[in-house]
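J.: This is the structure I have questions about; it appears just below.
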Amino acid sequence: MKYPFSEVEKKWRDFWEAEEIYKTDLSNDEKALYSLVMFIYPSGAKTHIGHWYNYAPTDSWARFKKMQGFNVFEPIGYDAFGLPAENYAIKTGVHPKDSTMKNIADIREQLKGMGCMYDWSKELTTCVPEYYKWNQWLFIQLYKKGLAYRKAAPVNWCPSCKTVLANEQVQADGTCERCDTMVERKNLTQWFFKITEYADELLDGLKKIDWPEKTKTMQENWIGKSFGTEVTFKVDGSDEEIKVFTTRPDTLFGVTYVVLAPEHELVQKLVKPEFADDANKYIDSVKSLSEIERTSTVKEKTGVPIGAYAINPVNGEKVPVWIADYALVTYGTGCVMAVPAHDERDFEFATKFNLPIRKVILKEGTNPDEELKEAFTGIGTMINSGQFDGLRSDEGKEKISDWLEEKGFGTRRINYRLRDWLISRQRYWGTPIPVVYCDNCGEVLIPEKDLPVELPYEVDFKPDGASPLASNEDFVNVACPKCGAPAKRDVDTMDTFVDSSWYYLRYLSPHYSNGMFDSGLANKWTPVHKYVGGAEHATMHLLYARFIYKFLRDLGLVESDEPFQSLVHQGTITNDGTKMSKSKGNVVNPGDFVEKYGADVFRMYLMFMGPYELGGDWNDKGIVGVDRFVQRSYNLFTNNKDLLKRVKDADVYDLEKLNDEEKIVYKKVNRTIAKFENEVDNFRFNTAVAALMELLNDLTKYFDKVSDEVKLYVLRRYAVMLAPLAPHLGEECGALLGAEGSVFVNPPKFKADEKALVQENAIIAVQVNGKMRAKLELPVDSGEATVKDAAFADSKVKQHTEGKTIVREIYVKNRIYNIVVK
């Protein structure tokens with residue numbers, strides 16, 4: 001009989017919903033387990049294959065933990081603010097609120113169709129005032145602590161999206177992560193959150209969490225903590241000073257020029273009149289370049305001198321001052337001491353502009369007078385360095401730093417690559433910033449009692465770079481909360497990463513009105529025990545969420561230090577080895593396959609495709625194989641219907657009392673239980689599915705000669721293993737046996753029979769000159785003589801050894817017998 005998936009899946013979803021099977025009792029924190037996926041952005045009306053691959057396997061893990069007795073909380077919601085909805089409004093005239101809420105309604109039904117055990121009573125949406133009020137409250141708390149501030153700064157500007165981008169939103173090639181347009185630099189007054197205040201704690205916290213090492217390394221590199229020395233260069237003929245941060249004070253004697261960032265305030269003070277025109281032209285030419293473009297190692301080096309000279313504090317030498325785009329005003333001091341002999345970038349620049357290259361660190365085994373073909377950046381012996389000659393350069397770093405501090409020419413410093421989080425966006429569909437500007441009082445916070453500042457519905461969507469909120473005069477023009485004089489609201493909105501920085505806390509109490517979230521519940525249920533989502537969020541969402549959580553801890557709202565204790569990244573599903581995209585016409589629509597095969601088959605095929613963290617390549621034929629497995633499983637249970645009502649169930653069987661076929665299936669199901677639990681617990685779903693397929697093959701092969709009692713023993717355990725991976729099918733198979741209710745309410749705790757796990761035989765590979773020639777099944781721990789006799793009795797081994805000289809034989813117990821012949 002063909003498995004009627006449409007009927008079965010609807011039946012069980014209706015049952016789960018009616019019985020509130022997945023409603024979590026949050027007051028019970030015994031064995032509490034918070035399982036979370038990164039919430040969905042409703043930019044379209046459909047869930048795509050990436051959503052399924054993130055959500056369905058994670059749900060299988062959560063179901064598995066629930067069946068182990070954990071009180072699992074698995075919520076879902078919508079990251080509903082954002083640029084796509086606004087761009088859609090510009091294109092079609094459909095208001096972002098209308099399109100977003102319609103998409104959410106459609107997506108909600110699709111999510112339910114996945115069969116995930118989401119607690120729908122805790123569903124949340126970030127674009128409603130009930131939620132974003134607390135973004136505004138968070139802003140105010142950061143402001144009061146000096147961690148939210150406004151300043152004019154060069155920012156990343158996307159000319160297509162008409163908005164500012166944070167550094168993390170600019171791709172490695174200098175383009176916008178949303179639309180791939182080349183990002184420009186623009187000076188604007190913007191709001192920032194001072195994430196740099198938590199830089200050290202963000203680094204230290206990485207040691208305490210179970211995250212992929214690659215992700216932790218990405219955050220470490222993004223924060224970019226470096227130890228060095230700030231050195232003061234006086235300027236010839238001026239009272240001004242140039243301060244540079246360097247991690248290589250041992251190379252100070254090799255400085256042959258100094259570079260200022262083109263935007264640095266010293267440039268206009270130090271530039272000589274005869275150099276001003278060229279300098280200003282150059283400054284204009286780099287305004288459109290992003291920081292990533294400017295610091296690219298493959299970009300041709302550019303720059304111009306400004307006619308000023310800096311005085312090297314270690315030797316009194318005057319060196320020319322240049323401006324060049326590879327110096328960034330946002331990193332260090334915005335000034336660079338250039339040592340061409342020992343820095344690759346400086347070497348290229350000096351070579352291009354014919355500036356001196358002075359060797360001050362000698363590579364071991366080389367001649368001091370030998371001309372450098374490339375910069376030497378390693379450790380060596382200091383030369384041409386005055387009283388420091390002969391020192392190893394790593395020792396010289398400390399000695400020169402001591403000398404600089406003693407003479408008042410420098411100070412040891414710690415520097416960070418991390419920049420403060422720019423949160424202003426010149427767009428409509430986001431959280432309004434709770435600030436007004438008054439001629440009398442300056443910038444004034446909206447009183448907390450007046451929150452939320454709600455988004456007005458009536459605005460003009462014009463892609464002109466100005467915030468659409470500026471078009472609504474009723475919104476813009478208000479009375480100052482302090483003095484009552486006419487004032488104007490801030491018309492920018494917050495970066496949507498603010499929404500996602502704390503949403504997991506709100507899930508616990510989505511309608512809580514006495515605060516941002518219920519701290520009592522938060523302390524019981526966080527940190528989130530398992531968080532699953534894309535690795536592309538490593539230096540954005542995942543970093544911002546850690547920062548905000550630590551800030552909320554400092555406010556006394558949570559007690560722990562980290563928001564997500566354990567993190568898993570899913571891989572990417574490709575099609576014929578290529579990333580899916582509409583333009584390539586290779587997008588797999590989950591709806592088509594769910595309609596044809598059912599949700600369980602679709603989700604199980606996604607799990608079977610390959611290791612979860614790597615993803616896999618879609619193949620229409622592959623899903624047919626999983627469907628065949630489901631059909632065979634269903635038929636096995638229909639052929640043994642009501643077995644639970646007809647025979648007595650047993651917890652364990654004596655192997656000695658079973659016939660040969662019963663022993664095989666009894667051992668196989670118990671070994672499968674042991675393997676299955678370990679694989680699912682570690683997100684190795686592909687091998688878990690493979691184990692069930694192997695088990696099914698043995699059952700169909702031997703079941704004819706197995707008693708009903710042993711059949712029941714095996715099938716009950718098989719149904720329980722199916723349930724987390726294919727929940728509708730697992731429920732149906734249990735019901736076919738005669739079980740009542742849901743397997744997810746009071747699941748049987750089946751443990752593998754240890755006696756059935758004892759390995760009686762071992763498979764020993766026989767190799768001749770490194771090539772496999774036979775596999776021997778022999779008793780475990782067989783002696784070398786026994787294995788040798790069996791090996792040389794094998795016909796294929798004989799074929800490759802007879803008439804040849806045996807040079808060597810190596811036996812690895814229970815694994816390999818290796819024969820070398822000539």
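Letters A, B, ... mark the chains of the structure tokens in the order given; residue numbers begin at 1 per chain; ligand numbers begin at 1, in order shown.
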Might you pull out every residue within 8 Å of A:Phe39, with only C-alpha atoms counted and same-chain residues fewer than 3 positions away left off, and present them as a list in words?
T.: Ile76, Gly77, Tyr78 and Asp79 of chain A
J.: Can I get the selected residues back with C-alpha atoms, as an mmCIF file, in the first residue's frame?
T.:
```
data_model
loop_
_atom_site.group_PDB
_atom_site.id
_atom_site.type_symbol
_atom_site.label_atom_id
_atom_site.label_comp_id
_atom_site.auth_asym_id
_atom_site.auth_seq_id
_atom_site.Cartn_x
_atom_site.Cartn_y
_atom_site.Cartn_z
ATOM 1 C CA ILE A 76 10.033 30.757 15.651
ATOM 2 C CA GLY A 77 9.460 34.327 14.525
ATOM 3 C CA TYR A 78 10.094 36.896 11.828
ATOM 4 C CA ASP A 79 12.996 39.298 11.363
#
```
J.: Env of A:Asp277: 12 Å cut, atoms = only C-alpha atoms, seq-sep filter 5 positions within chain, self excluded. Answer as a list in words.
T.: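 Once the adjacent positions are removed, what remains is Gln268, Val271, Lys272, Tyr282, Ile283, Asp284, Val304, Pro305, Ile306 and Gly307 of chain A.
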J.: Which is closer to A:Val652 than all the others in A:Lys705, A:Lys225, A:Arg150, A:Lys755, using only C-alpha atoms?
T.: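 The answer is A:Lys755, which sits nearest to A:Val652.
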J.: Could you give me, as a PyMOL selection string, the residues within 12 Å of A:Gly625, counting only C-alpha atoms and dropping anything in the same chain fewer than 2 positions from it?
T.: chain A and resi 597+601-602+604-605+608-609+619-623+627-632+689-690+693
J.: Would you please extract all strand (DSSP E) residues from stretch 722-799 of chain A, as assigned by DSSP on the backbone, and give them as number ranges by chain?
T.: A: 761-768, 771-779
J.: Name the residues in contact with A:Thr330 at a cut-off of 12 Å, using only C-alpha atoms, excluding same-chain residues fewer than 5 positions from it; report them as a list in words.
T.: Ala153, Pro154, Val155, Asn167, Leu260, Ala261, Pro262, Glu263, His264, Glu291, Cys335, Asn415, Tyr416, Arg417, Leu418, Arg419 and Asp420 of chain A
J.: Would you mind writing down, as a count of residues only, each residue of stretch 507-720 of chain A that DSSP on the backbone assigns to alpha helix (DSSP H)?
T.: 115
J.: Skipping near chain neighbours, those fewer than 4 positions away, what residues fall within 9 Å of A:Lys667 using only C-alpha atoms, listed as a list in words?
T.: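 Result of the neighbour search: Leu655, Glu662, Lys663, Arg671, Thr672, Asp753, Lys755, Ala756, Leu757 and Val758 of chain A.
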J.: Next, write the just-selected residues to a file, as a tab-separated table (two decimals), in the first residue's frame, keeping all heavy atoms as the atom set.
T.:
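Saved to part_9.tsv:
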```
chain	number	residue	atom	x	y	z
A	655	LEU	N	19.63	-13.72	24.10
A	655	LEU	CA	20.13	-14.07	22.77
A	655	LEU	C	20.17	-15.58	22.55
A	655	LEU	O	19.95	-16.06	21.43
A	655	LEU	CB	21.54	-13.48	22.57
A	655	LEU	CG	21.60	-12.00	22.21
A	655	LEU	CD1	23.00	-11.45	22.40
A	655	LEU	CD2	21.16	-11.80	20.76
A	662	GLU	N	16.43	-14.19	14.27
A	662	GLU	CA	16.05	-13.27	15.35
A	662	GLU	C	17.27	-12.64	15.99
A	662	GLU	O	17.26	-11.45	16.34
A	662	GLU	CB	15.23	-14.04	16.40
A	662	GLU	CG	13.84	-14.40	15.91
A	662	GLU	CD	13.11	-15.34	16.87
A	662	GLU	OE1	13.78	-15.98	17.71
A	662	GLU	OE2	11.87	-15.44	16.76
A	663	LYS	N	18.34	-13.43	16.12
A	663	LYS	CA	19.59	-12.86	16.64
A	663	LYS	C	20.10	-11.74	15.76
A	663	LYS	O	20.54	-10.69	16.24
A	663	LYS	CB	20.67	-13.96	16.74
A	663	LYS	CG	20.53	-14.87	17.93
A	663	LYS	CD	21.67	-15.89	17.93
A	663	LYS	CE	21.49	-16.89	19.09
A	663	LYS	NZ	22.53	-17.93	19.05
A	671	ARG	N	22.32	-2.29	17.81
A	671	ARG	CA	23.50	-1.55	17.32
A	671	ARG	C	23.08	-0.27	16.62
A	671	ARG	O	23.77	0.75	16.70
A	671	ARG	CB	24.30	-2.45	16.37
A	671	ARG	CG	25.02	-3.56	17.11
A	671	ARG	CD	25.66	-4.57	16.17
A	671	ARG	NE	26.21	-5.69	16.92
A	671	ARG	CZ	26.64	-6.82	16.38
A	671	ARG	NH1	26.57	-7.00	15.06
A	671	ARG	NH2	27.15	-7.78	17.13
A	672	THR	N	21.94	-0.32	15.95
A	672	THR	CA	21.43	0.89	15.27
A	672	THR	C	21.03	1.95	16.30
A	672	THR	O	21.32	3.14	16.11
A	672	THR	CB	20.22	0.54	14.38
A	672	THR	OG1	20.61	-0.46	13.44
A	672	THR	CG2	19.73	1.77	13.63
A	753	ASP	N	20.58	-2.87	24.23
A	753	ASP	CA	20.95	-4.02	25.06
A	753	ASP	C	22.46	-4.23	24.89
A	753	ASP	O	22.93	-4.57	23.80
A	753	ASP	CB	20.17	-5.25	24.60
A	753	ASP	CG	20.50	-6.50	25.43
A	753	ASP	OD1	21.42	-6.44	26.26
A	753	ASP	OD2	19.83	-7.53	25.22
A	755	LYS	N	24.44	-6.50	25.77
A	755	LYS	CA	24.85	-7.85	25.34
A	755	LYS	C	24.76	-7.99	23.82
A	755	LYS	O	25.52	-8.74	23.21
A	755	LYS	CB	23.99	-8.91	26.02
A	755	LYS	CG	24.23	-9.00	27.52
A	755	LYS	CD	23.34	-10.04	28.16
A	755	LYS	CE	23.56	-10.11	29.68
A	755	LYS	NZ	22.63	-11.08	30.32
A	756	ALA	N	23.80	-7.28	23.23
A	756	ALA	CA	23.64	-7.36	21.77
A	756	ALA	C	24.69	-6.55	21.03
A	756	ALA	O	24.85	-6.68	19.81
A	756	ALA	CB	22.25	-6.88	21.37
A	757	LEU	N	25.42	-5.71	21.79
A	757	LEU	CA	26.43	-4.87	21.15
A	757	LEU	C	27.80	-5.54	21.10
A	757	LEU	O	28.72	-5.04	20.44
A	757	LEU	CB	26.56	-3.53	21.90
A	757	LEU	CG	25.29	-2.68	22.01
A	757	LEU	CD1	25.59	-1.39	22.76
A	757	LEU	CD2	24.72	-2.38	20.63
A	758	VAL	N	27.91	-6.66	21.82
A	758	VAL	CA	29.21	-7.35	21.84
A	758	VAL	C	29.55	-7.86	20.44
A	758	VAL	O	28.75	-8.55	19.80
A	758	VAL	CB	29.18	-8.53	22.84
A	758	VAL	CG1	30.48	-9.32	22.77
A	758	VAL	CG2	28.93	-8.02	24.25
```
J.: Could you check which of A:Gly386, A:Pro452, A:Pro447, A:Gly410 is closest to A:Pro432, using only C-alpha atoms?
T.: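 Going through A:Gly386, A:Pro452, A:Pro447, A:Gly410 one by one, the smallest distance to A:Pro432 is for A:Pro452.
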J.: Skip A:Asp642 itself and residues of its chain fewer than 4 positions away, then list as a list of chain:residue names all residues within 10 Å of it, counting only C-alpha atoms.
T.: A:Phe637, A:Thr638, A:Arg646, A:Val647, A:Leu712, A:Gly734, A:Ala735, A:Leu736, A:Leu737, A:Gly738, A:Ala739
J.: Those same residues, written as a PDB file, in the first residue's frame with N, CA, C and O atoms?
T.:
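Final file, selection22.pdb:
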```pdb
ATOM      1  N   PHE A 637       5.205  -1.650   8.556  1.00  0.00           N
ATOM      2  CA  PHE A 637       4.317  -1.449   9.704  1.00  0.00           C
ATOM      3  C   PHE A 637       2.869  -1.839   9.379  1.00  0.00           C
ATOM      4  O   PHE A 637       2.170  -2.398  10.232  1.00  0.00           O
ATOM      5  N   THR A 638       2.433  -1.545   8.162  1.00  0.00           N
ATOM      6  CA  THR A 638       1.056  -1.953   7.807  1.00  0.00           C
ATOM      7  C   THR A 638       0.939  -3.473   7.792  1.00  0.00           C
ATOM      8  O   THR A 638      -0.133  -4.033   8.100  1.00  0.00           O
ATOM      9  N   ARG A 646      -1.619  -7.503  20.056  1.00  0.00           N
ATOM     10  CA  ARG A 646      -1.748  -8.950  19.883  1.00  0.00           C
ATOM     11  C   ARG A 646      -0.702  -9.760  20.646  1.00  0.00           C
ATOM     12  O   ARG A 646      -0.920 -10.913  20.978  1.00  0.00           O
ATOM     13  N   VAL A 647       0.455  -9.162  20.875  1.00  0.00           N
ATOM     14  CA  VAL A 647       1.512  -9.922  21.548  1.00  0.00           C
ATOM     15  C   VAL A 647       2.065  -9.121  22.711  1.00  0.00           C
ATOM     16  O   VAL A 647       1.912  -7.900  22.782  1.00  0.00           O
ATOM     17  N   LEU A 712       7.798  -7.105  17.299  1.00  0.00           N
ATOM     18  CA  LEU A 712       7.293  -5.955  18.047  1.00  0.00           C
ATOM     19  C   LEU A 712       8.444  -5.207  18.716  1.00  0.00           C
ATOM     20  O   LEU A 712       8.490  -3.974  18.685  1.00  0.00           O
ATOM     21  N   GLY A 734       3.962   4.263  14.777  1.00  0.00           N
ATOM     22  CA  GLY A 734       3.634   3.886  16.152  1.00  0.00           C
ATOM     23  C   GLY A 734       2.163   3.565  16.301  1.00  0.00           C
ATOM     24  O   GLY A 734       1.786   2.587  16.965  1.00  0.00           O
ATOM     25  N   ALA A 735       1.315   4.394  15.675  1.00  0.00           N
ATOM     26  CA  ALA A 735      -0.137   4.176  15.744  1.00  0.00           C
ATOM     27  C   ALA A 735      -0.522   2.871  15.061  1.00  0.00           C
ATOM     28  O   ALA A 735      -1.415   2.145  15.530  1.00  0.00           O
ATOM     29  N   LEU A 736       0.139   2.538  13.949  1.00  0.00           N
ATOM     30  CA  LEU A 736      -0.153   1.284  13.248  1.00  0.00           C
ATOM     31  C   LEU A 736       0.139   0.077  14.128  1.00  0.00           C
ATOM     32  O   LEU A 736      -0.580  -0.927  14.078  1.00  0.00           O
ATOM     33  N   LEU A 737       1.172   0.196  14.956  1.00  0.00           N
ATOM     34  CA  LEU A 737       1.483  -0.910  15.866  1.00  0.00           C
ATOM     35  C   LEU A 737       0.452  -1.052  16.974  1.00  0.00           C
ATOM     36  O   LEU A 737       0.334  -2.104  17.590  1.00  0.00           O
ATOM     37  N   GLY A 738      -0.265   0.073  17.239  1.00  0.00           N
ATOM     38  CA  GLY A 738      -1.281   0.036  18.280  1.00  0.00           C
ATOM     39  C   GLY A 738      -1.005   1.012  19.414  1.00  0.00           C
ATOM     40  O   GLY A 738      -1.723   1.022  20.426  1.00  0.00           O
ATOM     41  N   ALA A 739       0.042   1.858  19.263  1.00  0.00           N
ATOM     42  CA  ALA A 739       0.334   2.845  20.302  1.00  0.00           C
ATOM     43  C   ALA A 739      -0.732   3.936  20.293  1.00  0.00           C
ATOM     44  O   ALA A 739      -1.308   4.243  19.249  1.00  0.00           O
TER      45      ALA A 739
END
```
J.: Contacts of A:Glu17 at 12 Å or less, counting only C-alpha atoms, minus same-chain residues fewer than 5 places along, as a ChimeraX atom specification?
T.: /A:10-12,22-23,112-113,115-121,742
J.: Using only N, CA, C and O atoms, please write the residues we just selected to a file, as a PDB file, in the first residue's frame.
T.:
```pdb
ATOM      1  N   LYS A  10      -1.396  15.768   7.509  1.00  0.00           N
ATOM      2  CA  LYS A  10      -2.428  16.685   8.000  1.00  0.00           C
ATOM      3  C   LYS A  10      -3.014  16.174   9.316  1.00  0.00           C
ATOM      4  O   LYS A  10      -3.240  16.939  10.258  1.00  0.00           O
ATOM      5  N   LYS A  11      -3.247  14.876   9.374  1.00  0.00           N
ATOM      6  CA  LYS A  11      -3.834  14.286  10.579  1.00  0.00           C
ATOM      7  C   LYS A  11      -2.981  14.580  11.808  1.00  0.00           C
ATOM      8  O   LYS A  11      -3.489  15.027  12.850  1.00  0.00           O
ATOM      9  N   TRP A  12      -1.674  14.356  11.691  1.00  0.00           N
ATOM     10  CA  TRP A  12      -0.807  14.531  12.853  1.00  0.00           C
ATOM     11  C   TRP A  12      -0.557  15.999  13.180  1.00  0.00           C
ATOM     12  O   TRP A  12      -0.452  16.361  14.352  1.00  0.00           O
ATOM     13  N   TYR A  22       3.405  20.903  21.513  1.00  0.00           N
ATOM     14  CA  TYR A  22       4.693  21.574  21.516  1.00  0.00           C
ATOM     15  C   TYR A  22       4.720  22.865  22.330  1.00  0.00           C
ATOM     16  O   TYR A  22       5.641  23.667  22.205  1.00  0.00           O
ATOM     17  N   LYS A  23       3.687  23.057  23.136  1.00  0.00           N
ATOM     18  CA  LYS A  23       3.677  24.228  24.010  1.00  0.00           C
ATOM     19  C   LYS A  23       4.561  23.916  25.213  1.00  0.00           C
ATOM     20  O   LYS A  23       4.317  22.953  25.943  1.00  0.00           O
ATOM     21  N   LYS A 112       4.507  25.589   9.317  1.00  0.00           N
ATOM     22  CA  LYS A 112       3.718  24.536   9.958  1.00  0.00           C
ATOM     23  C   LYS A 112       3.753  23.262   9.122  1.00  0.00           C
ATOM     24  O   LYS A 112       3.757  22.141   9.655  1.00  0.00           O
ATOM     25  N   GLY A 113       3.784  23.438   7.800  1.00  0.00           N
ATOM     26  CA  GLY A 113       3.831  22.288   6.897  1.00  0.00           C
ATOM     27  C   GLY A 113       5.119  21.496   6.991  1.00  0.00           C
ATOM     28  O   GLY A 113       5.169  20.328   6.600  1.00  0.00           O
ATOM     29  N   GLY A 115       6.338  20.470   9.649  1.00  0.00           N
ATOM     30  CA  GLY A 115       6.189  19.517  10.747  1.00  0.00           C
ATOM     31  C   GLY A 115       7.118  19.807  11.904  1.00  0.00           C
ATOM     32  O   GLY A 115       7.403  18.919  12.719  1.00  0.00           O
ATOM     33  N   CYS A 116       7.600  21.052  12.009  1.00  0.00           N
ATOM     34  CA  CYS A 116       8.493  21.403  13.119  1.00  0.00           C
ATOM     35  C   CYS A 116       7.680  21.628  14.392  1.00  0.00           C
ATOM     36  O   CYS A 116       6.521  22.029  14.337  1.00  0.00           O
ATOM     37  N   MET A 117       8.312  21.389  15.526  1.00  0.00           N
ATOM     38  CA  MET A 117       7.568  21.471  16.782  1.00  0.00           C
ATOM     39  C   MET A 117       7.708  22.855  17.424  1.00  0.00           C
ATOM     40  O   MET A 117       8.055  22.993  18.591  1.00  0.00           O
ATOM     41  N   TYR A 118       7.418  23.884  16.666  1.00  0.00           N
ATOM     42  CA  TYR A 118       7.511  25.247  17.181  1.00  0.00           C
ATOM     43  C   TYR A 118       6.385  25.536  18.168  1.00  0.00           C
ATOM     44  O   TYR A 118       5.232  25.129  17.958  1.00  0.00           O
ATOM     45  N   ASP A 119       6.739  26.279  19.209  1.00  0.00           N
ATOM     46  CA  ASP A 119       5.739  26.726  20.167  1.00  0.00           C
ATOM     47  C   ASP A 119       5.114  28.005  19.611  1.00  0.00           C
ATOM     48  O   ASP A 119       5.645  29.106  19.783  1.00  0.00           O
ATOM     49  N   TRP A 120       3.978  27.850  18.933  1.00  0.00           N
ATOM     50  CA  TRP A 120       3.364  28.979  18.233  1.00  0.00           C
ATOM     51  C   TRP A 120       2.797  30.023  19.185  1.00  0.00           C
ATOM     52  O   TRP A 120       2.537  31.158  18.775  1.00  0.00           O
ATOM     53  N   SER A 121       2.667  29.691  20.452  1.00  0.00           N
ATOM     54  CA  SER A 121       2.186  30.689  21.414  1.00  0.00           C
ATOM     55  C   SER A 121       3.268  31.727  21.712  1.00  0.00           C
ATOM     56  O   SER A 121       2.995  32.772  22.304  1.00  0.00           O
ATOM     57  N   SER A 742       0.673  10.542  21.288  1.00  0.00           N
ATOM     58  CA  SER A 742       1.846  10.971  20.518  1.00  0.00           C
ATOM     59  C   SER A 742       3.127  10.441  21.137  1.00  0.00           C
ATOM     60  O   SER A 742       3.293  10.457  22.354  1.00  0.00           O
TER      61      SER A 742
END
```
J.: For A:Lys641, which residue out of A:Asp29, A:Cys733, A:Arg553, A:Glu677 is the nearest one, using only C-alpha atoms?
T.: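 Between A:Asp29, A:Cys733, A:Arg553, A:Glu677, the residue approaching A:Lys641 most closely is A:Cys733.
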J.: Could you give me, as a Markdown table, a per-residue list for stretch 159-241 of chain A showing, wherever an atom lies at most 12 Å from an atom of stretch 466-469 of chain A, the closest pair of atoms and their distance in Å to one decimal, using only C-alpha atoms and sorting by chain then residue number from low to high?
T.:
```
| residue | atom | partner | partner_atom | distance |
| --- | --- | --- | --- | --- |
| A:Pro159 | CA | A:Ala466 | CA | 11.7 |
| A:Cys161 | CA | A:Ala466 | CA | 11.1 |
| A:Lys162 | CA | A:Ala466 | CA | 7.8 |
| A:Thr163 | CA | A:Ala466 | CA | 8.4 |
| A:Val164 | CA | A:Ala466 | CA | 11.0 |
| A:Leu188 | CA | A:Ala466 | CA | 11.8 |
```
J.: Residues as selected, N, CA, C and O atoms, written as an mmCIF file, in the first residue's frame, can you do that?
T.:
```cif
data_model
loop_
_atom_site.group_PDB
_atom_site.id
_atom_site.type_symbol
_atom_site.label_atom_id
_atom_site.label_comp_id
_atom_site.auth_asym_id
_atom_site.auth_seq_id
_atom_site.Cartn_x
_atom_site.Cartn_y
_atom_site.Cartn_z
ATOM 1 N N PRO A 159 25.241 53.348 -3.317
ATOM 2 C CA PRO A 159 24.463 54.235 -4.184
ATOM 3 C C PRO A 159 23.212 53.585 -4.742
ATOM 4 O O PRO A 159 22.286 54.277 -5.171
ATOM 5 N N CYS A 161 21.304 51.016 -2.925
ATOM 6 C CA CYS A 161 20.360 50.900 -1.807
ATOM 7 C C CYS A 161 20.054 52.249 -1.171
ATOM 8 O O CYS A 161 19.108 52.361 -0.388
ATOM 9 N N LYS A 162 20.883 53.258 -1.497
ATOM 10 C CA LYS A 162 20.693 54.616 -0.960
ATOM 11 C C LYS A 162 20.726 54.615 0.561
ATOM 12 O O LYS A 162 19.895 55.226 1.223
ATOM 13 N N THR A 163 21.686 53.897 1.123
ATOM 14 C CA THR A 163 21.793 53.888 2.582
ATOM 15 C C THR A 163 23.213 53.575 3.005
ATOM 16 O O THR A 163 24.037 53.119 2.217
ATOM 17 N N VAL A 164 23.472 53.820 4.287
ATOM 18 C CA VAL A 164 24.766 53.530 4.894
ATOM 19 C C VAL A 164 24.862 52.037 5.203
ATOM 20 O O VAL A 164 23.872 51.396 5.534
ATOM 21 N N LEU A 188 28.966 61.593 6.739
ATOM 22 C CA LEU A 188 27.625 61.832 7.263
ATOM 23 C C LEU A 188 27.665 61.813 8.794
ATOM 24 O O LEU A 188 28.551 61.194 9.390
#
```
J.: Identify which of the residues A:Tyr3, A:Phe70, A:Phe139, A:Phe233 lies closest to A:Asn315, counting only C-alpha atoms when measuring atom-to-atom distances.
T.: A:Phe233
J.: My list of candidates is A:Ser288, A:Gly378, A:Val258, A:Ala324. Which is closest to A:Val336 when distances are computed with only C-alpha atoms?
T.: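 For A:Val336, the nearest of the candidates is A:Val258.
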J.: Would you mind reading off the distance between atom CA of A:Asp389 and atom CA of A:Glu364, one decimal, in Å?
T.: 14.4 Å
J.: For atom CA of A:Thr700 and atom CA of A:Glu777, quote the distance in Å rounded to one decimal.
T.: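 Answer for the atom CA of A:Thr700 to atom CA of A:Glu777 separation: 23.3 Å.
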